[in-house]
Structure formats: C-alpha cells, structure tokens
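Enquirer: Following this line is entry22.pdb, made up of PDB, C-alpha atoms:
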```pdb
ATOM      1  CA  MET N   1      74.327-231.565  17.629
ATOM      2  CA  LEU N   2      71.595-233.287  15.649
ATOM      3  CA  MET N   3      71.317-236.022  18.269
ATOM      4  CA  VAL N   4      70.892-233.538  21.137
ATOM      5  CA  ASN N   5      68.201-231.624  19.233
ATOM      6  CA  LEU N   6      66.338-234.762  18.216
ATOM      7  CA  LEU N   7      66.435-236.163  21.749
ATOM      8  CA  ALA N   8      65.101-232.912  23.232
ATOM      9  CA  ILE N   9      62.374-232.579  20.609
ATOM     10  CA  GLY N  10      61.489-236.260  20.896
ATOM     11  CA  ALA N  11      61.252-236.139  24.685
ATOM     12  CA  VAL N  12      59.005-233.071  24.640
ATOM     13  CA  PHE N  13      56.904-234.587  21.848
ATOM     14  CA  VAL N  14      56.355-237.845  23.782
ATOM     15  CA  VAL N  15      55.409-235.991  26.975
ATOM     16  CA  LEU N  16      52.947-233.815  25.050
ATOM     17  CA  LEU N  17      51.589-236.839  23.191
ATOM     18  CA  LEU N  18      50.870-238.673  26.436
ATOM     19  CA  THR N  19      49.530-235.718  28.423
ATOM     20  CA  MET N  20      47.411-234.152  25.682
ATOM     21  CA  ARG N  21      46.261-237.469  24.194
ATOM     22  CA  SER N  22      46.636-235.982  20.748
ATOM     23  CA  ILE N  23      48.702-236.558  17.636
ATOM     24  CA  SER N  24      48.286-233.072  16.174
ATOM     25  CA  LEU N  25      48.790-230.870  19.240
ATOM     26  CA  PRO N  26      52.367-232.019  20.001
ATOM     27  CA  VAL N  27      53.294-231.394  16.367
ATOM     28  CA  ILE N  28      51.786-227.895  16.434
ATOM     29  CA  LEU N  29      53.355-226.961  19.780
ATOM     30  CA  VAL N  30      56.818-228.323  19.005
ATOM     31  CA  LEU N  31      56.727-226.673  15.575
ATOM     32  CA  ALA N  32      55.785-223.325  17.134
ATOM     33  CA  ILE N  33      58.550-223.405  19.747
ATOM     34  CA  GLU N  34      61.130-224.797  17.302
ATOM     35  CA  THR N  35      60.298-221.892  14.992
ATOM     36  CA  ALA N  36      61.165-219.478  17.810
ATOM     37  CA  ILE N  37      64.416-221.393  18.373
ATOM     38  CA  TRP N  38      65.273-221.295  14.660
ATOM     39  CA  ILE N  39      64.639-217.544  14.596
ATOM     40  CA  ASN N  40      66.830-217.090  17.667
ATOM     41  CA  LEU N  41      69.691-219.164  16.280
ATOM     42  CA  SER N  42      69.513-217.684  12.789
ATOM     43  CA  LEU N  43      70.067-214.094  13.923
ATOM     44  CA  PRO N  44      73.847-214.486  14.385
ATOM     45  CA  TYR N  45      74.133-215.747  10.817
ATOM     46  CA  PHE N  46      72.336-212.694   9.426
ATOM     47  CA  LEU N  47      74.289-210.371  11.708
ATOM     48  CA  GLY N  48      77.606-211.971  10.735
ATOM     49  CA  ASN N  49      78.369-213.167  14.279
ATOM     50  CA  THR N  50      79.824-216.474  15.378
ATOM     51  CA  VAL N  51      78.204-218.788  17.919
ATOM     52  CA  TYR N  52      79.969-220.966  20.437
ATOM     53  CA  TYR N  53      79.070-224.561  19.650
ATOM     54  CA  PHE N  54      78.366-225.251  23.317
ATOM     55  CA  VAL N  55      75.956-222.296  23.451
ATOM     56  CA  TYR N  56      74.126-223.590  20.380
ATOM     57  CA  LEU N  57      73.606-226.997  22.001
ATOM     58  CA  ILE N  58      72.525-225.595  25.349
ATOM     59  CA  ILE N  59      70.207-222.860  24.090
ATOM     60  CA  SER N  60      68.268-225.241  21.851
ATOM     61  CA  SER N  61      67.374-227.437  24.815
ATOM     62  CA  ILE N  62      66.872-224.663  27.357
ATOM     63  CA  GLN N  63      64.630-222.580  25.123
ATOM     64  CA  LEU N  64      62.544-225.605  24.175
ATOM     65  CA  GLY N  65      62.108-226.723  27.776
ATOM     66  CA  ALA N  66      61.581-223.270  29.242
ATOM     67  CA  THR N  67      59.128-221.936  26.698
ATOM     68  CA  VAL N  68      57.037-224.949  25.708
ATOM     69  CA  ASP N  69      55.068-224.208  28.886
ATOM     70  CA  TYR N  70      53.738-221.019  27.288
ATOM     71  CA  ALA N  71      52.448-223.014  24.348
ATOM     72  CA  ILE N  72      50.917-225.636  26.655
ATOM     73  CA  LEU N  73      49.135-222.942  28.668
ATOM     74  CA  MET N  74      47.719-221.325  25.527
ATOM     75  CA  THR N  75      46.621-224.669  24.077
ATOM     76  CA  ASN N  76      44.982-225.902  27.263
ATOM     77  CA  ARG N  77      43.048-222.650  27.599
ATOM     78  CA  TYR N  78      42.015-222.872  23.961
ATOM     79  CA  LYS N  79      40.722-226.422  24.446
ATOM     80  CA  GLU N  80      38.900-225.382  27.628
ATOM     81  CA  TYR N  81      37.194-222.409  25.991
ATOM     82  CA  ARG N  82      36.557-224.276  22.752
ATOM     83  CA  ALA N  83      34.331-226.703  24.642
ATOM     84  CA  GLY N  84      31.746-223.943  24.997
ATOM     85  CA  MET N  85      32.535-221.447  22.217
ATOM     86  CA  GLY N  86      33.233-221.222  18.531
ATOM     87  CA  LYS N  87      36.860-221.370  17.485
ATOM     88  CA  ARG N  88      37.232-217.634  16.835
ATOM     89  CA  GLN N  89      35.902-216.656  20.252
ATOM     90  CA  ALA N  90      37.910-219.442  21.936
ATOM     91  CA  VAL N  91      41.143-218.128  20.391
ATOM     92  CA  ILE N  92      40.366-214.552  21.444
ATOM     93  CA  THR N  93      39.450-215.598  24.980
ATOM     94  CA  ALA N  94      42.479-217.888  25.320
ATOM     95  CA  VAL N  95      44.853-215.132  24.234
ATOM     96  CA  SER N  96      43.226-212.654  26.638
ATOM     97  CA  SER N  97      43.367-215.042  29.564
ATOM     98  CA  CYS N  98      46.975-216.191  28.969
ATOM     99  CA  THR N  99      48.724-213.009  27.926
ATOM    100  CA  VAL N 100      49.591-211.757  31.418
ATOM    101  CA  SER N 101      50.946-215.152  32.540
ATOM    102  CA  ILE N 102      52.988-215.634  29.376
ATOM    103  CA  LEU N 103      54.336-212.074  29.459
ATOM    104  CA  THR N 104      55.252-212.389  33.139
ATOM    105  CA  SER N 105      57.122-215.665  32.779
ATOM    106  CA  GLY N 106      58.623-214.766  29.416
ATOM    107  CA  SER N 107      59.738-211.358  30.647
ATOM    108  CA  VAL N 108      61.582-212.908  33.584
ATOM    109  CA  LEU N 109      63.409-215.298  31.239
ATOM    110  CA  THR N 110      64.148-212.500  28.784
ATOM    111  CA  VAL N 111      65.344-209.932  31.335
ATOM    112  CA  MET N 112      67.471-212.434  33.254
ATOM    113  CA  GLY N 113      68.997-213.668  30.005
ATOM    114  CA  PHE N 114      69.887-210.167  28.855
ATOM    115  CA  LEU N 115      71.266-209.247  32.291
ATOM    116  CA  MET N 116      73.398-212.386  32.306
ATOM    117  CA  GLY N 117      74.592-211.527  28.806
ATOM    118  CA  TRP N 118      75.404-207.921  29.527
ATOM    119  CA  PHE N 119      77.121-208.379  32.876
ATOM    120  CA  SER N 120      79.041-211.618  32.382
ATOM    121  CA  THR N 121      82.742-211.292  31.694
ATOM    122  CA  ASN N 122      82.906-214.817  30.252
ATOM    123  CA  GLY N 123      82.206-214.719  26.505
ATOM    124  CA  MET N 124      80.380-218.051  26.426
ATOM    125  CA  ILE N 125      78.143-217.208  29.397
ATOM    126  CA  ALA N 126      77.455-213.753  27.956
ATOM    127  CA  GLN N 127      76.443-215.258  24.620
ATOM    128  CA  LEU N 128      74.225-217.813  26.360
ATOM    129  CA  GLY N 129      72.480-214.973  28.219
ATOM    130  CA  ILE N 130      71.868-212.957  25.063
ATOM    131  CA  PHE N 131      70.453-216.056  23.360
ATOM    132  CA  LEU N 132      68.160-216.661  26.353
ATOM    133  CA  GLY N 133      66.911-213.083  26.150
ATOM    134  CA  VAL N 134      66.307-213.132  22.403
ATOM    135  CA  GLY N 135      64.854-216.652  22.610
ATOM    136  CA  GLY N 136      62.436-215.593  25.328
ATOM    137  CA  LEU N 137      61.229-212.710  23.163
ATOM    138  CA  ALA N 138      60.895-214.927  20.096
ATOM    139  CA  SER N 139      58.945-217.554  22.049
ATOM    140  CA  ILE N 140      56.598-214.958  23.548
ATOM    141  CA  PHE N 141      55.932-213.570  20.088
ATOM    142  CA  ILE N 142      55.305-216.988  18.511
ATOM    143  CA  VAL N 143      53.018-218.162  21.323
ATOM    144  CA  LEU N 144      50.957-214.970  21.486
ATOM    145  CA  PHE N 145      50.734-214.196  17.770
ATOM    146  CA  VAL N 146      51.377-217.359  15.730
ATOM    147  CA  LEU N 147      50.146-220.248  17.898
ATOM    148  CA  PRO N 148      46.587-218.847  18.206
ATOM    149  CA  GLY N 149      46.403-218.720  14.415
ATOM    150  CA  LEU N 150      47.649-222.297  14.169
ATOM    151  CA  LEU N 151      45.031-223.445  16.681
ATOM    152  CA  TYR N 152      42.344-221.640  14.691
ATOM    153  CA  VAL N 153      43.445-223.001  11.303
ATOM    154  CA  PHE N 154      43.968-226.566  12.535
ATOM    155  CA  ASP N 155      40.853-226.664  14.733
ATOM    156  CA  GLY N 156      39.289-229.480  12.686
ATOM    157  CA  VAL N 157      42.487-231.530  12.680
ATOM    158  CA  ILE N 158      42.850-231.044  16.441
ATOM    159  CA  ARG N 159      39.241-232.114  16.945
ATOM    160  CA  HIS N 160      39.743-235.349  14.996
ATOM    161  CA  THR N 161      43.171-236.290  16.380
ATOM    162  CA  THR N 162      42.634-235.688  20.102
ATOM    163  CA  LEU N 163      40.992-238.266  22.343
ATOM    164  CA  GLY N 164      38.038-237.209  24.483
ATOM    165  CA  LEU N 165      37.762-233.718  23.075
ATOM    166  CA  HIS N 166      34.377-231.995  23.021
ATOM    167  CA  PHE N 167      34.323-228.783  21.005
ATOM    168  CA  ALA N 168      31.362-226.469  20.641
ATOM    169  CA  ASP N 169      29.865-226.355  17.173
ATOM    170  CA  SER N 170      30.751-222.949  15.758
ATOM    171  CA  ARG N 171      27.386-222.709  14.031
ATOM    172  CA  LYS N 172      25.175-223.766  16.940
ATOM    173  CA  GLY N 173      27.291-223.060  20.043
ATOM    174  CA  ASP N 174      26.496-226.548  21.378
ATOM    175  CA  ALA N 175      29.071-229.072  22.549
ATOM    176  CA  VAL N 176      29.824-231.552  19.793
ATOM    177  CA  ASP N 177      31.681-234.833  20.000
ATOM    178  CA  GLU N 178      34.584-235.337  17.632
ATOM    179  CA  LYS N 179      32.492-238.173  16.112
ATOM    180  CA  ASP N 180      29.813-235.706  15.011
ATOM    181  CA  ASN N 181      32.136-233.914  12.633
TER     182      ASN N 181
END
```
Would you mind writing the structure in this file as structure tokens?
Expert:
Amino acid sequence: MLMVNLLAIGAVFVVLLLTMRSISLPVILVLAIETAIWINLSLPYFLGNTVYYFVYLIISSIQLGATVDYAILMTNRYKEYRAGMGKRQAVITAVSSCTVSILTSGSVLTVMGFLMGWFSTNGMIAQLGIFLGVGGLASIFIVLFVLPGLLYVFDGVIRHTTLGLHFADSRKGDAVDEKDN
C-alpha cells in the first residue's frame, strides 16, 4: 500500500518538477490533491464503514491522476496572470477563468463515480464508484478554495524556486524578475 502511494506521488511529483521547472509548485500541488485524497479516504473511518483494500489502492492512484490536472490548470493560469498583475488579482482572475473548466471536468468524474456506485451490483465496484464521486467533489473543493490560498500565501516561495518566472511587482504592477526580489 505504501509503495503504491509513494510511486504514484513520486511519479506525479517528477513530472510536475520537470514540466513546471519548480521545486515548490510540485510540493504545493501534490499536497493539495493528497489532502483531497486523505479527506476522501478518511470518511469511511468516521462513518464506521469498511473499505476494500483493493479499492483503497486504486482510488488513491486514480484520484491523484485524474484530479491533479485541475490543480495544474489553476496553477498555470495563476502564473500566467501573475506575470502582469499583483498576486491578489492574479488569484481572483485565475479562479474566475478556471472555475467552469474545473467544475465541468470534476462534475463528470463525480457524477459518473456516483452512478457507478449506485447502479453496480458488485460491492467492490460500487465502493470504487462512491469513492470516485466523493473524491471528485473533494478535489474540486480543494482546487477551487484551498489551492488559490496556497498560491497566494506561497507567492514569494514560488517566485524564488521556479526557473524563468516573471511576476508583476504587486506594488508597481511591473514585471519583475525573480532576481529582483
């Protein structure tokens, strides 16, 4: 179980590290999505339900792979807008521009998961579907409401740990190299 989770997290982290050319952004994105996964997988404990071991292994990987795209979309938009705006306005604009796309994709995952869970006669498949539905909702929530706050709070860290990033100076509105801060 631990090996599967570490391999999935490690693979996503390396891909994000190479594509985003940043040390901090992969940590922030993986932490955000893993938080949604932890919420999803902790609900059965609090509700007193049991979880098929196979479902636990599968849902951790599927939810990470399927929903990290939402976090990537939000982060890329934030970086794009941050090049010409202060961090507060960049977060607001990124959330506004990504919400429809994230809700559309996340809703499909959520609805299909719940439908699979409700209509499957196989207990393991039904549980997998319910976890997909709840996981989709948790990921949507984290990406739309928590990730923007993380990007805002860690703006300075992101600026200093990402190669080739040019953020606008919040005070002046001008593009500033990471070396200038």
Enquirer: Nearest to Val55 of chain N among N:Thr35, N:Asn40, N:Thr99, N:Thr19, with distances taken over only C-alpha atoms: which residue is it?
Expert: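 The answer is N:Asn40, which sits nearest to Val55 of chain N.
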Enquirer: Care to translate the PyMOL selection byres ((chain N and resi 92) around 12) into actual residues of this file, as a ChimeraX atom specification?
Expert: /N:74,77-78,81-82,85-91,93-99,144-145,147-149,151-152
Enquirer: Calculated over all atoms listed in the file, which of the candidates N:Val100, N:Val51, N:Leu41, N:Val15 has the smallest distance to Gly133 of chain N?
Expert: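 Closest candidate: N:Leu41.
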Enquirer: Using the chain letters and numbering of this document, enumerate as a PyMOL selection string the residues selected by the PyMOL selection byres ((chain N and resi 104-117) around 9).
Expert: chain N and resi 66-67+70+99-103+118-121+123+125-137+139-140
Enquirer: Got time to write the residues from that selection, C-alpha atoms, as a PDB file, keeping the file's coordinate frame?
Expert:
```
ATOM      1  CA  ALA N  66      61.581-223.270  29.242  1.00  0.00           C
ATOM      2  CA  THR N  67      59.128-221.936  26.698  1.00  0.00           C
ATOM      3  CA  TYR N  70      53.738-221.019  27.288  1.00  0.00           C
ATOM      4  CA  THR N  99      48.724-213.009  27.926  1.00  0.00           C
ATOM      5  CA  VAL N 100      49.591-211.757  31.418  1.00  0.00           C
ATOM      6  CA  SER N 101      50.946-215.152  32.540  1.00  0.00           C
ATOM      7  CA  ILE N 102      52.988-215.634  29.376  1.00  0.00           C
ATOM      8  CA  LEU N 103      54.336-212.074  29.459  1.00  0.00           C
ATOM      9  CA  TRP N 118      75.404-207.921  29.527  1.00  0.00           C
ATOM     10  CA  PHE N 119      77.121-208.379  32.876  1.00  0.00           C
ATOM     11  CA  SER N 120      79.041-211.618  32.382  1.00  0.00           C
ATOM     12  CA  THR N 121      82.742-211.292  31.694  1.00  0.00           C
ATOM     13  CA  GLY N 123      82.206-214.719  26.505  1.00  0.00           C
ATOM     14  CA  ILE N 125      78.143-217.208  29.397  1.00  0.00           C
ATOM     15  CA  ALA N 126      77.455-213.753  27.956  1.00  0.00           C
ATOM     16  CA  GLN N 127      76.443-215.258  24.620  1.00  0.00           C
ATOM     17  CA  LEU N 128      74.225-217.813  26.360  1.00  0.00           C
ATOM     18  CA  GLY N 129      72.480-214.973  28.219  1.00  0.00           C
ATOM     19  CA  ILE N 130      71.868-212.957  25.063  1.00  0.00           C
ATOM     20  CA  PHE N 131      70.453-216.056  23.360  1.00  0.00           C
ATOM     21  CA  LEU N 132      68.160-216.661  26.353  1.00  0.00           C
ATOM     22  CA  GLY N 133      66.911-213.083  26.150  1.00  0.00           C
ATOM     23  CA  VAL N 134      66.307-213.132  22.403  1.00  0.00           C
ATOM     24  CA  GLY N 135      64.854-216.652  22.610  1.00  0.00           C
ATOM     25  CA  GLY N 136      62.436-215.593  25.328  1.00  0.00           C
ATOM     26  CA  LEU N 137      61.229-212.710  23.163  1.00  0.00           C
ATOM     27  CA  SER N 139      58.945-217.554  22.049  1.00  0.00           C
ATOM     28  CA  ILE N 140      56.598-214.958  23.548  1.00  0.00           C
TER      29      ILE N 140
END
```
Enquirer: So how far away is atom CA of His166 of chain N from atom CA of Ala83 of chain N, in Å?
Expert: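 About the pair atom CA of Ala83 of chain N and atom CA of His166 of chain N: they are 5.5 Å apart.
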Enquirer: Find, counting all atoms listed in the file, the residue in N:Phe141, N:Phe154, N:Tyr52, N:Phe13 that gets nearest to Leu31 of chain N.
Expert: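 The closest residue to Leu31 of chain N is N:Phe13.
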Enquirer: Identify which of the residues N:Val143, N:Ile37, N:Phe167, N:Ile72 lies closest to Met20 of chain N, counting only C-alpha atoms when measuring atom-to-atom distances.
Expert: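 Ranking N:Val143, N:Ile37, N:Phe167, N:Ile72 by distance to Met20 of chain N, first place goes to N:Ile72.
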Enquirer: Given the choices N:Ser60, N:Ser42, N:Ser24, N:Thr50, which gets closest to Val4 of chain N if the distance is worked out from only C-alpha atoms?
Expert: N:Ser60
Enquirer: Please, what distance in Å, to one decimal, runs between atom CA of Ala138 of chain N and atom CA of Thr161 of chain N?
Expert: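 Computing it gives 28.0 Å between the two atoms.
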Enquirer: Between atom CA of Leu73 of chain N and atom CA of Phe54 of chain N, what is the distance in Å, rounded to a tenth?
Expert: 29.8 Å
Enquirer: Measuring atom to atom with all atoms listed in the file, identify which of N:Ser61, N:Leu163, N:Val146, N:Asn122 is nearest to Leu2 of chain N.
Expert: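 Once distances to Leu2 of chain N are computed over all atoms listed in the file, the minimum belongs to N:Ser61.
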Enquirer: The PyMOL selection byres ((chain N and resi 65) around 10) on the file shown: which residues, as a ChimeraX atom specification?
Expert: /N:8-9,11-12,33,59-64,66-69
Enquirer: Can I get the selection written as a PDB file, in the coordinates of the input, with C-alpha atoms?
Expert:
```pdb
ATOM      1  CA  ALA N   8      65.101-232.912  23.232  1.00  0.00           C
ATOM      2  CA  ILE N   9      62.374-232.579  20.609  1.00  0.00           C
ATOM      3  CA  ALA N  11      61.252-236.139  24.685  1.00  0.00           C
ATOM      4  CA  VAL N  12      59.005-233.071  24.640  1.00  0.00           C
ATOM      5  CA  ILE N  33      58.550-223.405  19.747  1.00  0.00           C
ATOM      6  CA  ILE N  59      70.207-222.860  24.090  1.00  0.00           C
ATOM      7  CA  SER N  60      68.268-225.241  21.851  1.00  0.00           C
ATOM      8  CA  SER N  61      67.374-227.437  24.815  1.00  0.00           C
ATOM      9  CA  ILE N  62      66.872-224.663  27.357  1.00  0.00           C
ATOM     10  CA  GLN N  63      64.630-222.580  25.123  1.00  0.00           C
ATOM     11  CA  LEU N  64      62.544-225.605  24.175  1.00  0.00           C
ATOM     12  CA  ALA N  66      61.581-223.270  29.242  1.00  0.00           C
ATOM     13  CA  THR N  67      59.128-221.936  26.698  1.00  0.00           C
ATOM     14  CA  VAL N  68      57.037-224.949  25.708  1.00  0.00           C
ATOM     15  CA  ASP N  69      55.068-224.208  28.886  1.00  0.00           C
TER      16      ASP N  69
END
```
